[in-house]
Every structure is written in structure tokens, then in C-alpha cells.
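Containing mmCIF, C-alpha atoms: structure.cif.
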```cif
data_entry
loop_
_atom_site.label_atom_id
_atom_site.label_comp_id
_atom_site.auth_asym_id
_atom_site.auth_seq_id
_atom_site.Cartn_x
_atom_site.Cartn_y
_atom_site.Cartn_z
CA MET A 1 -88.14 153.74 -29.28
CA PHE A 2 -89.82 154.70 -26.03
CA GLN A 3 -88.66 157.82 -24.26
CA GLY A 4 -89.84 160.38 -21.76
CA PRO A 5 -91.46 160.37 -18.33
CA SER A 6 -95.14 159.97 -17.55
CA SER A 7 -96.52 160.76 -14.12
CA LEU A 8 -99.32 158.26 -13.54
CA ALA A 9 -101.59 157.01 -10.79
CA LEU A 10 -102.33 153.40 -9.93
CA ASP A 11 -106.01 152.74 -9.39
CA ALA A 12 -107.34 150.77 -6.41
CA LYS A 13 -106.78 147.48 -8.27
CA GLY A 14 -103.15 148.27 -9.16
CA ARG A 15 -103.74 149.24 -12.78
CA LEU A 16 -102.09 152.08 -14.63
CA ASN A 17 -103.11 153.71 -17.88
CA MET A 18 -100.59 153.47 -20.68
CA PRO A 19 -99.97 156.96 -22.07
CA ALA A 20 -101.62 157.59 -25.42
CA ARG A 21 -98.29 158.37 -27.10
CA HIS A 22 -97.11 154.78 -26.53
CA ARG A 23 -100.30 152.84 -27.28
CA GLU A 24 -100.09 152.79 -31.07
CA VAL A 25 -96.47 151.63 -31.07
CA LEU A 26 -97.19 148.96 -28.46
CA ASP A 27 -100.17 147.73 -30.44
CA ALA A 28 -98.07 147.45 -33.62
CA LEU A 29 -95.05 145.97 -31.87
CA CYS A 30 -96.68 143.43 -29.59
CA GLN A 31 -100.48 143.69 -29.82
CA GLY A 32 -100.48 144.98 -26.24
CA GLN A 33 -98.69 141.91 -24.85
CA LEU A 34 -96.10 142.89 -22.25
CA THR A 35 -93.92 141.32 -19.58
CA VAL A 36 -93.03 142.99 -16.29
CA THR A 37 -90.34 141.98 -13.81
CA LYS A 38 -88.07 143.38 -11.11
CA HIS A 39 -85.10 145.62 -11.87
CA PRO A 40 -82.02 145.68 -9.60
CA ASP A 41 -82.38 149.45 -9.04
CA GLY A 42 -85.64 149.02 -7.11
CA CYS A 43 -88.18 149.57 -9.85
CA LEU A 44 -90.07 147.37 -12.28
CA VAL A 45 -89.11 146.94 -15.91
CA LEU A 46 -91.84 146.57 -18.53
CA PHE A 47 -91.01 145.01 -21.88
CA PRO A 48 -93.00 144.56 -25.08
CA ARG A 49 -93.22 140.75 -25.30
CA PRO A 50 -90.92 140.35 -28.35
CA VAL A 51 -88.21 142.39 -26.59
CA TRP A 52 -88.69 140.36 -23.40
CA LEU A 53 -88.23 137.08 -25.27
CA THR A 54 -84.76 138.23 -26.34
CA VAL A 55 -83.88 139.45 -22.84
CA ARG A 56 -85.24 136.23 -21.31
CA GLU A 57 -82.89 134.16 -23.45
CA LYS A 58 -79.90 136.25 -22.30
CA VAL A 59 -80.92 135.87 -18.65
CA ALA A 60 -81.51 132.13 -19.02
CA ALA A 61 -78.00 131.76 -20.47
CA LEU A 62 -76.32 133.35 -17.44
CA PRO A 63 -73.91 131.04 -15.59
CA LEU A 64 -74.74 129.25 -12.36
CA SER A 65 -72.87 131.96 -10.44
CA ALA A 66 -75.72 134.32 -11.40
CA ALA A 67 -78.52 131.96 -10.31
CA GLY A 68 -79.78 134.45 -7.73
CA TRP A 69 -80.21 137.12 -10.38
CA LYS A 70 -81.88 134.65 -12.72
CA ARG A 71 -84.45 134.09 -9.95
CA VAL A 72 -84.95 137.82 -9.53
CA PHE A 73 -85.50 138.43 -13.25
CA LEU A 74 -87.17 135.22 -14.45
CA GLY A 75 -88.82 134.15 -11.21
CA ASN A 76 -90.66 137.46 -10.93
CA ALA A 77 -91.53 137.93 -14.60
CA MET A 78 -95.25 138.16 -15.33
CA ASP A 79 -96.94 138.32 -18.71
CA ILE A 80 -99.60 141.03 -18.84
CA GLU A 81 -101.74 142.69 -21.50
CA ILE A 82 -103.04 146.14 -22.15
CA ASP A 83 -106.81 145.90 -21.60
CA SER A 84 -109.57 147.52 -23.66
CA ALA A 85 -109.36 150.64 -21.45
CA SER A 86 -105.57 150.95 -22.13
CA ARG A 87 -104.63 149.82 -18.63
CA VAL A 88 -102.08 147.30 -17.40
CA LEU A 89 -102.48 145.43 -14.14
CA ILE A 90 -99.39 145.24 -11.96
CA ALA A 91 -99.54 142.22 -9.65
CA PRO A 92 -99.65 142.97 -5.90
CA GLU A 93 -96.43 141.00 -5.34
CA LEU A 94 -94.52 143.21 -7.74
CA ARG A 95 -96.12 146.44 -6.48
CA GLU A 96 -95.19 145.54 -2.93
CA ALA A 97 -91.65 144.47 -3.85
CA VAL A 98 -90.76 147.91 -5.23
CA GLY A 99 -93.02 150.04 -3.06
CA LEU A 100 -95.52 151.15 -5.70
CA ASP A 101 -98.39 152.95 -4.06
CA LYS A 102 -100.54 155.52 -5.83
CA LYS A 103 -98.20 157.89 -7.67
CA VAL A 104 -95.84 156.26 -10.15
CA MET A 105 -93.43 157.33 -12.87
CA LEU A 106 -93.31 155.47 -16.17
CA LEU A 107 -90.02 156.13 -17.94
CA GLY A 108 -89.47 155.30 -21.59
CA MET A 109 -86.02 153.70 -21.76
CA GLY A 110 -85.65 152.95 -25.47
CA SER A 111 -86.77 149.36 -25.98
CA HIS A 112 -88.65 149.12 -22.66
CA PHE A 113 -90.08 151.07 -19.73
CA GLU A 114 -89.26 151.43 -16.06
CA ILE A 115 -92.02 151.82 -13.47
CA TRP A 116 -91.01 153.63 -10.29
CA ASP A 117 -92.74 154.81 -7.15
CA ALA A 118 -92.74 158.57 -7.81
CA GLU A 119 -91.02 159.54 -4.55
CA ARG A 120 -88.47 156.77 -4.85
CA TYR A 121 -87.63 157.85 -8.38
CA ALA A 122 -87.20 161.50 -7.37
CA ALA A 123 -84.75 160.44 -4.65
CA HIS A 124 -82.91 158.11 -7.06
CA GLU A 125 -82.59 160.82 -9.71
CA ALA A 126 -81.38 163.38 -7.16
CA LYS A 127 -78.70 160.95 -6.00
CA VAL A 128 -77.59 160.33 -9.59
CA MET A 129 -77.46 164.06 -10.34
CA GLU A 130 -75.31 164.68 -7.25
CA SER A 131 -72.87 161.88 -8.01
CA GLU A 132 -69.75 162.13 -10.11
CA ARG A 133 -70.33 161.31 -13.76
CA PRO A 134 -69.01 157.89 -14.74
CA GLU A 135 -66.10 157.74 -17.16
CA ALA A 136 -68.39 156.49 -19.93
CA ILE A 137 -70.15 159.87 -20.08
CA GLN A 138 -67.38 162.24 -18.98
CA ASP A 139 -66.92 163.56 -22.52
CA PHE A 140 -70.55 163.21 -23.57
CA ASN A 141 -71.91 166.38 -25.09
CA PHE A 142 -75.22 167.34 -26.64
#
```
Any chance you could give the structure as C-alpha cells?
Amino acid sequence: MFQGPSSLALDAKGRLNMPARHREVLDALCQGQLTVTKHPDGCLVLFPRPVWLTVREKVAALPLSAAGWKRVFLGNAMDIEIDSASRVLIAPELREAVGLDKKVMLLGMGSHFEIWDAERYAAHEAKVMESERPEAIQDFNF
């Protein structure tokens, strides 16, 4: 289970360092093999490969009416690996598509991660916090 934010910086080649707290789990779960693709909210989503394989099957089974979304998810999916320096390379096409520059946020989202441009994420979170809570969490309490 991945959780929590990590403020990271992309290097000049578009690589980011995976936080130490996630490395051991990722090594055990998928030997550092990951898949990254676009997310409809304007970020990237990063899956351990075994999790991606399950998601990929669900996406592939979508009806023809969802063909555009299948292209977004499957057509942009790229298999990547954590290198010996604990970095992952994000392809220029994906970085450009979601506006990743230097400062990024890596969010642990349970079974996967989201990768956001830091400023874009701050604006997104502010908008969510200002909006009315959806019915599904109206009675949610800690």
C-alpha cells in the first residue's frame, strides 16, 4: 500500500528518484518494473507492473464507445524500470503532455502512484478543498 506525498525534482534527462520508503516494496512487488500512463485528471499514473497488467485488462475490455479513453490509457502506456541509482525515466512525450517540468509531486495512492507537476497539483488540491464534498464522503469521519 503506497501512501503519502513526496516532493521531487526531475533531473535534466527527465528522471526522478523513487523515495527510499517505496523502494523495498517495489523491489519485492515487481522487481522495479513499472508502467506509466496518462490520467484523466492531468497527471501521470505509475503502476507496479503486476498491478498494471490487471488494470490493462480492464481497460482493454472497455466497449467501443470508450475507444478514445482506451487510446489515452493504453496508447500512452510505457514500461519503465527503476535503475541502479533508484531513478525512473519519464518519457518526454508524457512529461510534455501533463506539463512536468522540474518540481513534481509523487503521491502514493494505494496500489499505484500519481505524478503531478507541483504547481498544477497545488491548484488541483485547492480546487478540491474548496468544492462541496461528494455524497460518497459526506458522512465520512476519522
**Request:** Evaluate the PyMOL selection byres ((chain A and resi 46-57) around 6) on the structure here and hand back the selected residues as a ChimeraX atom specification.
**Result:** /A:30,33-36,45,58-60,112-113
**Request:** Tell me which of A:Glu81, A:Asp139, A:Asp101, A:Asp117 sits closest to Asp41 in chain A, counting all atoms listed in the file.
**Result:** A:Asp117
Explicit residues for the PyMOL selection byres ((chain A and resi 119) around 12) (as a PDB file with C-alpha atoms, in the frame of the given file):
```
ATOM      1  CA  SER A   7     -96.520 160.760 -14.120  1.00  0.00           C
ATOM      2  CA  CYS A  43     -88.180 149.570  -9.850  1.00  0.00           C
ATOM      3  CA  VAL A  98     -90.760 147.910  -5.230  1.00  0.00           C
ATOM      4  CA  GLY A  99     -93.020 150.040  -3.060  1.00  0.00           C
ATOM      5  CA  LEU A 100     -95.520 151.150  -5.700  1.00  0.00           C
ATOM      6  CA  ASP A 101     -98.390 152.950  -4.060  1.00  0.00           C
ATOM      7  CA  LYS A 102    -100.540 155.520  -5.830  1.00  0.00           C
ATOM      8  CA  LYS A 103     -98.200 157.890  -7.670  1.00  0.00           C
ATOM      9  CA  VAL A 104     -95.840 156.260 -10.150  1.00  0.00           C
ATOM     10  CA  MET A 105     -93.430 157.330 -12.870  1.00  0.00           C
ATOM     11  CA  ILE A 115     -92.020 151.820 -13.470  1.00  0.00           C
ATOM     12  CA  TRP A 116     -91.010 153.630 -10.290  1.00  0.00           C
ATOM     13  CA  ASP A 117     -92.740 154.810  -7.150  1.00  0.00           C
ATOM     14  CA  ALA A 118     -92.740 158.570  -7.810  1.00  0.00           C
ATOM     15  CA  ARG A 120     -88.470 156.770  -4.850  1.00  0.00           C
ATOM     16  CA  TYR A 121     -87.630 157.850  -8.380  1.00  0.00           C
ATOM     17  CA  ALA A 122     -87.200 161.500  -7.370  1.00  0.00           C
ATOM     18  CA  ALA A 123     -84.750 160.440  -4.650  1.00  0.00           C
ATOM     19  CA  HIS A 124     -82.910 158.110  -7.060  1.00  0.00           C
ATOM     20  CA  GLU A 125     -82.590 160.820  -9.710  1.00  0.00           C
ATOM     21  CA  ALA A 126     -81.380 163.380  -7.160  1.00  0.00           C
TER      22      ALA A 126
END
```
**Prompt:** Taking the file as shown, what set of residues would the PyMOL selection byres ((chain A and resi 75) around 12) give back, as a VMD selection string?
**Reply:** chain A and resid 36 to 38 56 59 to 60 67 to 74 76 to 79 93 to 94
**Prompt:** If you count all atoms listed in the file, which residues fall within 7 Å of range 83-88 of chain A, apart from same-chain ones fewer than 3 positions away, as a count of residues only?
**Reply:** 5
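Comparing A:Val25, A:Leu64, A:Ala91, A:Val128 by their smallest distance to Lys13 in chain A, the closest is A:Ala91 (using all atoms listed in the file).
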**Message:** Would you compute the distance between CA of Pro5 in chain A and CA of Ala20 in chain A? Give it in Å to one decimal.
**Reply:** 12.7 Å
**Prompt:** Which one is closest to Ser6 in chain A: A:Met109, A:Pro19, A:Phe142, A:Glu114? Count all atoms listed in the file.
**Reply:** A:Pro19
